[in-house]
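Peer 1: Just dropping this structure here.
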Amino acid sequence: MAKERRLRITFFVSIAILAGEVIGGYLSHSLALLSDAGHMLIDSLAVGLGLLAERIGRRPPDRRATLGYQRVGLLAALINGVSLLLLSVFLLYEAYQRFLSPAEIDITIMLPIAFLGLSGNLLMAIILGHDHEDVNLRAVWLHILGDTLSSLGVITSGIIIYFTGWVYADPIASLLISLTIMWGSGRLIHDTLFVFLNFTPKGFNIDEIVRKIQELPDVLGVHHVHLLTVSQNDIAFTAHIIIKNTTLNDVERTKYSIEDMLRKNGITHSTLQIETTSENCDANLFYKVNRT
């Protein structure tokens, strides 16, 4: 099944579960079920963003966006992350109010809806699969896995209330689910800001990359080094490379060697400025390392 089709089916399943849990939580007065609906909202947004990123990522760069449109999905993720963080704070407040004044829970409505939600999460996990290399798809699958665990929490609280009548099990489950939403939205905000602020991508050792460039025979120095994330799967590298005064063929061979090394290290886009001196460059250099 094509990646976009799997995401589309998963998105509609998640929306159906979200609607069922909101209605069921309202009718049964179960805050835990409403909290799980909030977590399902995270999943729906994650799937929707994954679908959006999949479509936008296919649009070629143009005059308006020379690097492409991949960061539109990142902006949507940041906005959704902030809204979900506010949602988790609201649910924490509601859980506190339930501790002060517990409400009667209609288990006959709560448990069937919760089981329906669990079944839907398992269905989505099967549709997406877990054995794939695409980071975007894997992130969506992890969201679904987290919501599956939340559904289990709602079912557990419902069973406790059914057999013991201990109504505090519902706000406790809501508290745990709200903290899960807060943790997930916090990670989402952190990851998107990490890209927007052009921090060095995780998993890349810029010192090691520069060292490998410097080890090439004709390279004398490296400066103005920049490594950043353009989009989720697009890492960009730019640098000024000082080389010996040599032939054009040697220059091209050195440039190709650097680009080949960068590709093998997961850098998809590179821009190299070949120089014989750094005298014309400004003093604001990230790297200026010369051979002794």
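Labeling convention for the structure tokens: chains A, B, ... as they appear, residues from 1 per chain, ligands from 1 in order of appearance.
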Among stretch 75-284 of chain A, which residues carry a DSSP assignment of strand (DSSP E or B), reported as a ChimeraX atom specification?
Peer 2: /A:219-231,234-243,269-275
Peer 1: Run DSSP on the backbone of this structure and report the residues of stretch 98-243 of chain A it assigns to alpha helix (DSSP H), as a count of residues only.
Peer 2: 92
Peer 1: Just give me the gap between atom CA of A:Leu175 and atom CA of A:Phe12 in Å, one decimal is fine.
Peer 2: 27.2 Å
Peer 1: So how many Å separate atom CA of A:Gly153 and atom CA of A:Gly81, to one decimal?
Peer 2: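 So the two atoms, atom CA of A:Gly153 and atom CA of A:Gly81, lie 22.8 Å apart.
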Peer 1: So, counting only C-alpha atoms, which residue among A:Ala77, A:Ala173, A:Ala46, A:Ile160 is closest to A:Ser14?
Peer 2: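 Among the listed residues, the smallest separation from A:Ser14 belongs to A:Ala46.
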Peer 1: Which polymer residues have any atom within 10 Å of an atom of A:Leu228, counting only C-alpha atoms, with same-chain residues fewer than 4 positions away left out, as a ChimeraX atom specification?
Peer 2: /A:194-202,204,234-238,267
